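target11.cif follows (mmCIF, C-alpha atoms and all ligand atoms):
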```
data_start
#
loop_
_atom_site.label_atom_id
_atom_site.label_comp_id
_atom_site.auth_asym_id
_atom_site.auth_seq_id
_atom_site.Cartn_x
_atom_site.Cartn_y
_atom_site.Cartn_z
CA MET A 1 68.97 15.20 -63.48
CA ARG A 2 66.15 15.41 -66.06
CA TYR A 3 63.47 14.83 -63.41
CA ARG A 4 64.67 17.89 -61.47
CA LYS A 5 64.79 20.02 -64.61
CA VAL A 6 61.53 19.13 -66.38
CA GLY A 7 59.54 17.51 -63.58
CA ARG A 8 57.39 14.41 -63.60
CA GLU A 9 55.83 12.80 -66.67
CA GLN A 10 52.25 13.84 -67.32
CA THR A 11 51.04 10.28 -66.75
CA THR A 12 52.87 10.20 -63.40
CA ARG A 13 51.14 13.43 -62.39
CA LYS A 14 47.78 11.89 -63.33
CA LEU A 15 48.53 8.74 -61.35
CA ILE A 16 49.52 10.81 -58.30
CA ALA A 17 46.31 12.86 -58.56
CA ALA A 18 44.16 9.74 -58.94
CA VAL A 19 45.63 7.85 -55.97
CA SER A 20 45.44 11.04 -53.88
CA ARG A 21 41.72 11.49 -54.43
CA ASN A 22 39.85 11.10 -51.12
CA GLY A 23 43.01 11.93 -49.15
CA ILE A 24 46.31 10.22 -48.31
CA GLU A 25 47.03 11.72 -44.88
CA GLY A 26 48.69 9.20 -42.57
CA MET A 27 48.85 6.44 -45.19
CA THR A 28 51.82 4.25 -46.14
CA LEU A 29 53.16 3.65 -49.65
CA LEU A 30 54.83 0.80 -51.52
CA ASP A 31 56.29 2.15 -54.76
CA ILE A 32 57.52 -0.60 -57.09
CA GLY A 33 59.93 0.34 -59.87
CA GLY A 34 59.74 3.96 -58.80
CA GLY A 35 62.82 5.05 -60.77
CA VAL A 36 64.10 8.37 -59.41
CA GLY A 37 61.17 8.43 -56.99
CA GLY A 38 58.72 11.05 -58.27
CA ILE A 39 55.71 9.32 -56.73
CA GLN A 40 57.41 8.68 -53.38
CA HIS A 41 58.60 12.27 -53.02
CA THR A 42 55.26 13.85 -53.91
CA LEU A 43 53.12 11.57 -51.76
CA LEU A 44 55.46 11.89 -48.76
CA GLU A 45 55.38 15.68 -49.11
CA ASP A 46 51.57 15.54 -49.39
CA GLY A 47 50.81 13.46 -46.28
CA VAL A 48 51.97 9.84 -46.65
CA VAL A 49 53.89 8.91 -43.47
CA ASN A 50 56.43 6.47 -44.87
CA ALA A 51 57.28 4.62 -48.06
CA THR A 52 58.99 1.44 -49.21
CA SER A 53 60.71 1.75 -52.55
CA VAL A 54 61.71 -1.38 -54.48
CA ASP A 55 63.60 -1.14 -57.74
CA ALA A 56 65.46 -3.72 -59.83
CA SER A 57 67.97 -1.10 -60.99
CA SER A 58 70.77 -0.19 -58.57
CA ALA A 59 71.38 3.04 -60.51
CA TYR A 60 67.77 4.10 -59.95
CA VAL A 61 67.91 3.16 -56.25
CA LYS A 62 70.99 5.37 -55.87
CA ALA A 63 69.37 8.26 -57.76
CA ALA A 64 66.17 7.98 -55.72
CA GLN A 65 68.17 7.95 -52.46
CA GLU A 66 70.12 11.04 -53.50
CA GLU A 67 66.96 12.91 -54.43
CA ALA A 68 65.25 11.84 -51.19
CA SER A 69 68.23 13.16 -49.19
CA ARG A 70 68.13 16.43 -51.07
CA ARG A 71 64.47 16.79 -50.09
CA GLY A 72 65.03 15.68 -46.47
CA LEU A 73 62.87 12.58 -46.96
CA GLU A 74 65.49 9.82 -46.63
CA ASP A 75 64.44 8.83 -43.06
CA ARG A 76 60.90 8.11 -44.25
CA ILE A 77 61.79 5.80 -47.16
CA THR A 78 63.08 2.22 -46.99
CA PHE A 79 65.02 1.53 -50.18
CA LEU A 80 65.34 -2.02 -51.50
CA HIS A 81 67.24 -3.13 -54.53
CA GLY A 82 65.90 -6.20 -56.36
CA ASP A 83 63.08 -7.79 -58.29
CA PHE A 84 59.83 -7.14 -56.42
CA VAL A 85 58.54 -10.63 -57.29
CA ASP A 86 61.55 -12.19 -55.53
CA LEU A 87 61.29 -9.86 -52.52
CA ALA A 88 57.49 -9.82 -52.16
CA GLU A 89 57.25 -12.37 -49.38
CA GLU A 90 59.40 -10.29 -47.02
CA LEU A 91 57.76 -6.94 -47.79
CA PRO A 92 55.06 -5.37 -45.61
CA GLN A 93 51.63 -4.35 -46.90
CA ALA A 94 51.00 -0.67 -47.57
CA ASP A 95 47.86 1.45 -47.87
CA ILE A 96 48.82 2.54 -51.38
CA VAL A 97 50.76 0.49 -53.97
CA THR A 98 52.00 2.10 -57.18
CA LEU A 99 53.61 0.75 -60.36
CA ASP A 100 54.30 3.58 -62.77
CA ARG A 101 55.47 2.22 -66.16
CA VAL A 102 56.77 -1.00 -64.58
CA VAL A 103 54.40 -3.67 -65.92
CA CYS A 104 55.73 -2.87 -69.40
CA CYS A 105 59.29 -3.87 -68.31
CA TYR A 106 58.43 -7.28 -66.91
CA ASP A 107 57.49 -10.51 -68.64
CA ASN A 108 55.80 -12.36 -65.75
CA LEU A 109 52.65 -10.25 -65.60
CA LYS A 110 50.69 -12.57 -63.33
CA ALA A 111 53.34 -12.74 -60.61
CA LEU A 112 54.02 -9.00 -60.65
CA VAL A 113 50.39 -7.85 -60.62
CA LYS A 114 49.05 -10.52 -58.26
CA LEU A 115 51.82 -10.20 -55.65
CA SER A 116 51.74 -6.39 -55.74
CA ALA A 117 47.91 -6.31 -55.47
CA MET A 118 48.15 -8.52 -52.37
CA LYS A 119 50.23 -5.77 -50.74
CA ALA A 120 47.61 -3.04 -51.27
CA ARG A 121 45.42 -2.39 -48.23
CA LYS A 122 43.44 0.50 -49.76
CA ARG A 123 44.56 1.71 -53.19
CA TYR A 124 46.45 0.33 -56.16
CA GLY A 125 47.55 2.49 -59.06
CA LEU A 126 49.43 1.69 -62.24
CA VAL A 127 50.49 3.19 -65.56
CA PHE A 128 51.05 0.71 -68.38
CA PRO A 129 50.74 0.58 -72.19
CA ARG A 130 47.35 0.26 -73.89
CA ASP A 131 47.25 -3.08 -75.71
CA LEU A 132 46.31 -1.66 -79.11
CA ARG A 133 47.09 -3.67 -82.25
CA LEU A 134 49.21 -0.85 -83.67
CA PHE A 135 51.43 -0.78 -80.58
CA ARG A 136 51.79 -4.58 -80.68
CA MET A 137 52.82 -4.39 -84.34
CA LEU A 138 55.48 -1.75 -83.63
CA LEU A 139 56.81 -3.52 -80.54
CA PRO A 140 59.36 -5.84 -82.26
CA VAL A 141 60.86 -2.81 -84.02
CA ALA A 142 61.14 -0.87 -80.75
CA ASN A 143 62.72 -3.86 -78.99
CA PHE A 144 65.11 -4.38 -81.91
CA PHE A 145 66.43 -0.82 -81.56
CA ILE A 146 66.74 -1.29 -77.79
CA THR A 147 68.78 -4.49 -78.44
CA LEU A 148 71.16 -2.46 -80.61
CA THR A 149 71.96 -0.19 -77.67
CA GLY A 150 73.16 -3.25 -75.71
CA SER A 151 70.51 -2.71 -73.03
CA PRO A 152 68.91 -5.84 -71.51
CA PHE A 153 65.66 -3.83 -71.16
CA ARG A 154 62.64 -4.97 -73.26
CA ILE A 155 59.15 -3.53 -73.61
CA PHE A 156 56.15 -5.83 -73.01
CA ILE A 157 52.59 -4.94 -73.97
CA HIS A 158 50.42 -7.06 -71.72
CA SER A 159 46.70 -7.63 -72.07
CA THR A 160 44.64 -5.00 -70.24
CA GLU A 161 41.91 -7.58 -69.79
CA GLN A 162 44.38 -9.91 -68.07
CA VAL A 163 45.60 -7.13 -65.73
CA GLU A 164 42.03 -6.24 -64.80
CA LYS A 165 41.11 -9.90 -64.23
CA ILE A 166 44.01 -10.42 -61.82
CA LEU A 167 43.16 -7.26 -59.88
CA LYS A 168 39.48 -8.19 -59.64
CA GLU A 169 40.43 -11.64 -58.32
CA GLN A 170 42.44 -9.84 -55.62
CA GLY A 171 39.32 -7.98 -54.45
CA LEU A 172 40.15 -4.63 -56.03
CA VAL A 173 37.52 -2.44 -57.68
CA LYS A 174 38.33 -0.01 -60.49
CA GLN A 175 37.82 3.65 -59.56
CA TYR A 176 39.64 5.57 -62.26
CA HIS A 177 40.75 4.83 -65.82
CA GLN A 178 42.29 7.32 -68.23
CA LYS A 179 43.92 6.75 -71.61
CA ALA A 180 46.85 8.98 -72.55
CA GLY A 181 48.35 8.11 -75.95
CA PHE A 182 50.54 5.01 -75.58
CA TRP A 183 49.72 4.79 -71.85
CA GLN A 184 46.76 4.18 -69.58
CA ILE A 185 46.42 5.14 -65.93
CA ILE A 186 44.22 2.93 -63.74
CA VAL A 187 43.49 3.18 -60.02
CA TYR A 188 41.72 0.55 -57.94
CA ASN A 189 40.33 0.65 -54.41
CA ARG A 190 39.88 -2.16 -51.94
CA VAL A 191 36.31 -1.89 -50.73
C1 LIG A 201 60.50 2.60 -67.26
S1 LIG A 201 61.16 2.67 -65.66
C2 LIG A 201 59.93 3.67 -64.85
C3 LIG A 201 60.47 4.43 -63.67
C4 LIG A 201 59.44 5.33 -62.99
N1 LIG A 201 58.40 4.57 -62.38
C5 LIG A 201 58.89 6.32 -63.97
O1 LIG A 201 57.75 6.14 -64.44
O2 LIG A 201 59.62 7.27 -64.30
C6 LIG A 201 60.80 1.05 -65.01
C7 LIG A 201 61.36 0.82 -63.63
O3 LIG A 201 60.81 -0.36 -63.11
C8 LIG A 201 61.85 -1.14 -62.54
N2 LIG A 201 61.37 -2.53 -62.52
C9 LIG A 201 60.91 -3.25 -63.57
N3 LIG A 201 60.52 -4.47 -63.17
C10 LIG A 201 60.72 -4.51 -61.82
C11 LIG A 201 60.53 -5.50 -60.82
N4 LIG A 201 60.01 -6.70 -61.12
N5 LIG A 201 60.86 -5.21 -59.55
C12 LIG A 201 61.37 -3.99 -59.24
N6 LIG A 201 61.59 -3.01 -60.14
C13 LIG A 201 61.27 -3.27 -61.42
C14 LIG A 201 63.05 -0.84 -63.39
O4 LIG A 201 64.26 -1.12 -62.73
C15 LIG A 201 62.88 0.65 -63.63
O5 LIG A 201 63.39 1.43 -62.59
#
```

Translate the structure of the given file into structure tokens.
Ligand SMILES: C[S@@+](CC[C@H](N)C(=O)[O-])C[C@H]1O[C@@H](n2cnc3c(N)ncnc32)[C@H](O)[C@@H]1O
Amino acid sequence: MRYRKVGREQTTRKLIAAVSRNGIEGMTLLDIGGGVGGIQHTLLEDGVVNATSVDASSAYVKAAQEEASRRGLEDRITFLHGDFVDLAEELPQADIVTLDRVVCCYDNLKALVKLSAMKARKRYGLVFPRDLRLFRMLLPVANFFITLTGSPFRIFIHSTEQVEKILKEQGLVKQYHQKAGFWQIIVYNRV
């Protein structure tokens, strides 16, 4: 597995560091669209007590479960397969909520960001594309090539202003913001 060989993406490492500032000991985590589970595994190994992992891809859920078992973490993670927006009502709140490169895979920004923010008791961290004009111009080309592969996956570049507005309305205050090429990493606290 690539993740085991080359490790986490740089932006994922930055997100983990930013949500871990001020300590995570004894906290709970809701990781949405966690893929193979890099955030879950690191935060559980660093002091988070338990995690809920929700992913729309059954292949990713399986891969994350296998990696969690390999690390002896499977008893501390509840794995759910499905669209977070559909499952939100039945999910518990968590101290930390993370969405690492998930907002860019989902068209209904408002539902995803609002419902996930409502789950965050203390911290909310996300990695998503910067909404620069150049990236918006190149987007149709990128999505065209993805279509050719037969994948149903599409990239969305949502408005940063809109994301920030939704999070502010949910009572979250921005603590950390870093730009990294195509991506930006933002962490909010509930104060
Ligand atoms: C680009 S991958 C990122 C995986 C991982 N977070 C990372 O950065 O390596 C996007 C992930 O988000 C999941 N996803 C997208 N929208 C989702 C939704 N509404 N609910 C749950 N999972 C979602 C996809 O299934 C996929 O696993």

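Compared by their closest atoms to Ser69 in chain A, and using only C-alpha atoms, the residues A:Lys110, A:Arg136, A:His41, A:His81 rank with A:His41 nearest.
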
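The space separating CA of Leu99 in chain A from CA of Ile32 in chain A comes to 5.3 Å.
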
Problem set entry | Sel. within 9 Å of pt (59.9, 1.3, -50.4), counting all atoms listed in the file, output as an MDAnalysis selection string | chainID A and resid 29:32 34 40 50:55 77:80 91

Produce a table with one row for each residue of chain A that has an atom at most 10 Å from any atom of ligand LIG 201 (chain A), each row naming the nearest atom pair and its distance in Å at one decimal; use all atoms listed in the file; arrange rows by chain and rising residue number; format as JSON lines.
```
{"residue": "A:Tyr3", "atom": "CA", "partner": "A:LIG201", "partner_atom": "O2", "distance": 8.5}
{"residue": "A:Arg8", "atom": "CA", "partner": "A:LIG201", "partner_atom": "O2", "distance": 7.5}
{"residue": "A:Glu9", "atom": "CA", "partner": "A:LIG201", "partner_atom": "O2", "distance": 7.1}
{"residue": "A:Gln10", "atom": "CA", "partner": "A:LIG201", "partner_atom": "O1", "distance": 9.9}
{"residue": "A:Thr11", "atom": "CA", "partner": "A:LIG201", "partner_atom": "O1", "distance": 8.2}
{"residue": "A:Thr12", "atom": "CA", "partner": "A:LIG201", "partner_atom": "O1", "distance": 6.4}
{"residue": "A:Asp31", "atom": "CA", "partner": "A:LIG201", "partner_atom": "N1", "distance": 8.3}
{"residue": "A:Ile32", "atom": "CA", "partner": "A:LIG201", "partner_atom": "C12", "distance": 5.6}
{"residue": "A:Gly33", "atom": "CA", "partner": "A:LIG201", "partner_atom": "O3", "distance": 3.4}
{"residue": "A:Gly34", "atom": "CA", "partner": "A:LIG201", "partner_atom": "N1", "distance": 3.9}
{"residue": "A:Gly35", "atom": "CA", "partner": "A:LIG201", "partner_atom": "C3", "distance": 3.8}
{"residue": "A:Val36", "atom": "CA", "partner": "A:LIG201", "partner_atom": "C4", "distance": 6.6}
{"residue": "A:Gly37", "atom": "CA", "partner": "A:LIG201", "partner_atom": "C4", "distance": 7.0}
{"residue": "A:Gly38", "atom": "CA", "partner": "A:LIG201", "partner_atom": "O2", "distance": 7.2}
{"residue": "A:Ile39", "atom": "CA", "partner": "A:LIG201", "partner_atom": "N1", "distance": 7.9}
{"residue": "A:Gln40", "atom": "CA", "partner": "A:LIG201", "partner_atom": "N1", "distance": 9.9}
{"residue": "A:Ser53", "atom": "CA", "partner": "A:LIG201", "partner_atom": "C12", "distance": 8.8}
{"residue": "A:Val54", "atom": "CA", "partner": "A:LIG201", "partner_atom": "C12", "distance": 5.4}
{"residue": "A:Asp55", "atom": "CA", "partner": "A:LIG201", "partner_atom": "N6", "distance": 3.6}
{"residue": "A:Ala56", "atom": "CA", "partner": "A:LIG201", "partner_atom": "N6", "distance": 3.9}
{"residue": "A:Ser57", "atom": "CA", "partner": "A:LIG201", "partner_atom": "O4", "distance": 4.1}
{"residue": "A:Ser58", "atom": "CA", "partner": "A:LIG201", "partner_atom": "O4", "distance": 7.8}
{"residue": "A:Ala59", "atom": "CA", "partner": "A:LIG201", "partner_atom": "O5", "distance": 8.4}
{"residue": "A:Tyr60", "atom": "CA", "partner": "A:LIG201", "partner_atom": "O5", "distance": 5.8}
{"residue": "A:Val61", "atom": "CA", "partner": "A:LIG201", "partner_atom": "O5", "distance": 8.0}
{"residue": "A:Ala64", "atom": "CA", "partner": "A:LIG201", "partner_atom": "O5", "distance": 9.9}
{"residue": "A:Leu80", "atom": "CA", "partner": "A:LIG201", "partner_atom": "C12", "distance": 8.9}
{"residue": "A:His81", "atom": "CA", "partner": "A:LIG201", "partner_atom": "C12", "distance": 7.6}
{"residue": "A:Gly82", "atom": "CA", "partner": "A:LIG201", "partner_atom": "C12", "distance": 5.8}
{"residue": "A:Asp83", "atom": "CA", "partner": "A:LIG201", "partner_atom": "N5", "distance": 3.6}
{"residue": "A:Phe84", "atom": "CA", "partner": "A:LIG201", "partner_atom": "N5", "distance": 3.8}
{"residue": "A:Val85", "atom": "CA", "partner": "A:LIG201", "partner_atom": "N4", "distance": 5.7}
{"residue": "A:Asp86", "atom": "CA", "partner": "A:LIG201", "partner_atom": "N4", "distance": 8.0}
{"residue": "A:Leu87", "atom": "CA", "partner": "A:LIG201", "partner_atom": "N5", "distance": 8.4}
{"residue": "A:Ala88", "atom": "CA", "partner": "A:LIG201", "partner_atom": "N5", "distance": 9.3}
{"residue": "A:Thr98", "atom": "CA", "partner": "A:LIG201", "partner_atom": "N1", "distance": 8.6}
{"residue": "A:Leu99", "atom": "CA", "partner": "A:LIG201", "partner_atom": "N1", "distance": 6.5}
{"residue": "A:Asp100", "atom": "CA", "partner": "A:LIG201", "partner_atom": "N1", "distance": 4.2}
{"residue": "A:Arg101", "atom": "CA", "partner": "A:LIG201", "partner_atom": "O1", "distance": 4.9}
{"residue": "A:Val102", "atom": "CA", "partner": "A:LIG201", "partner_atom": "O3", "distance": 4.3}
{"residue": "A:Val103", "atom": "CA", "partner": "A:LIG201", "partner_atom": "N3", "distance": 6.8}
{"residue": "A:Cys104", "atom": "CA", "partner": "A:LIG201", "partner_atom": "C1", "distance": 7.6}
{"residue": "A:Cys105", "atom": "CA", "partner": "A:LIG201", "partner_atom": "C9", "distance": 5.0}
{"residue": "A:Tyr106", "atom": "CA", "partner": "A:LIG201", "partner_atom": "N3", "distance": 5.1}
{"residue": "A:Asp107", "atom": "CA", "partner": "A:LIG201", "partner_atom": "N3", "distance": 8.7}
{"residue": "A:Asn108", "atom": "CA", "partner": "A:LIG201", "partner_atom": "N4", "distance": 8.4}
{"residue": "A:Leu109", "atom": "CA", "partner": "A:LIG201", "partner_atom": "N4", "distance": 9.3}
{"residue": "A:Ala111", "atom": "CA", "partner": "A:LIG201", "partner_atom": "N4", "distance": 9.0}
{"residue": "A:Leu112", "atom": "CA", "partner": "A:LIG201", "partner_atom": "N4", "distance": 6.4}
{"residue": "A:Val113", "atom": "CA", "partner": "A:LIG201", "partner_atom": "N4", "distance": 9.7}
{"residue": "A:Ser116", "atom": "CA", "partner": "A:LIG201", "partner_atom": "N4", "distance": 9.9}
{"residue": "A:Leu126", "atom": "CA", "partner": "A:LIG201", "partner_atom": "N1", "distance": 9.4}
{"residue": "A:Val127", "atom": "CA", "partner": "A:LIG201", "partner_atom": "O1", "distance": 7.9}
{"residue": "A:Phe128", "atom": "CA", "partner": "A:LIG201", "partner_atom": "O1", "distance": 9.5}
{"residue": "A:Phe153", "atom": "CA", "partner": "A:LIG201", "partner_atom": "C14", "distance": 8.7}
{"residue": "A:Arg154", "atom": "CA", "partner": "A:LIG201", "partner_atom": "C1", "distance": 9.9}
{"residue": "A:Ile155", "atom": "CA", "partner": "A:LIG201", "partner_atom": "C1", "distance": 8.9}
```

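Each of A:Leu172, A:Ile185, A:Ala142, A:Val191 was compared to Ala17 in chain A using all atoms listed in the file, and A:Ile185 turns out to be the nearest.
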
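Between CA of Val48 in chain A and CA of Arg123 in chain A there is a distance of 12.8 Å.
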
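If only C-alpha atoms are the atoms counted, then among A:Lys122, A:Arg71, A:Asp46, A:Ile157 the closest residue to Leu139 in chain A is A:Ile157.
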
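In terms of minimum interatomic distance to Ala180 in chain A, A:Arg130 ranks closest within A:Thr160, A:Arg130, A:Leu115, A:Leu148, counting only C-alpha atoms.
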
Exercise. Which residues come within 10 Å of Tyr124 in chain A, counting only C-alpha atoms, excluding same-chain residues fewer than 5 positions away, as a list in words?
Worked result: Val19, Leu29, Leu30, Ala94, Asp95, Ile96, Val97, Thr98, Leu99, Ser116, Ala117, Met118, Lys119, Leu167, Leu172, Val173, Lys174, Gln175, Ile186, Val187, Tyr188, Asn189 and Arg190 of chain A

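Minimum atom-to-atom distance to Trp183 in chain A, evaluated using only C-alpha atoms, belongs to A:Asp131 out of A:Gln170, A:Pro140, A:Asp131, A:Ala68.
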
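From CA of Ile16 in chain A back to CA of Gly47 in chain A, the distance works out to 12.4 Å.
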
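Counting all atoms listed in the file, the residue from A:Val49, A:Leu134, A:Leu15, A:Met27 that sits nearest to Arg121 in chain A is A:Met27.
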
Grab all the atoms of range 51-65 of chain A that the file lists, wrap them in a box along x, y and z, add 8 Å per side, and give me centre plus edge lengths in Å (one decimal) as JSON.
```
{"center_x": 64.3, "center_y": 2.3, "center_z": -54.5, "size_x": 30.1, "size_y": 28.0, "size_z": 28.9}
```
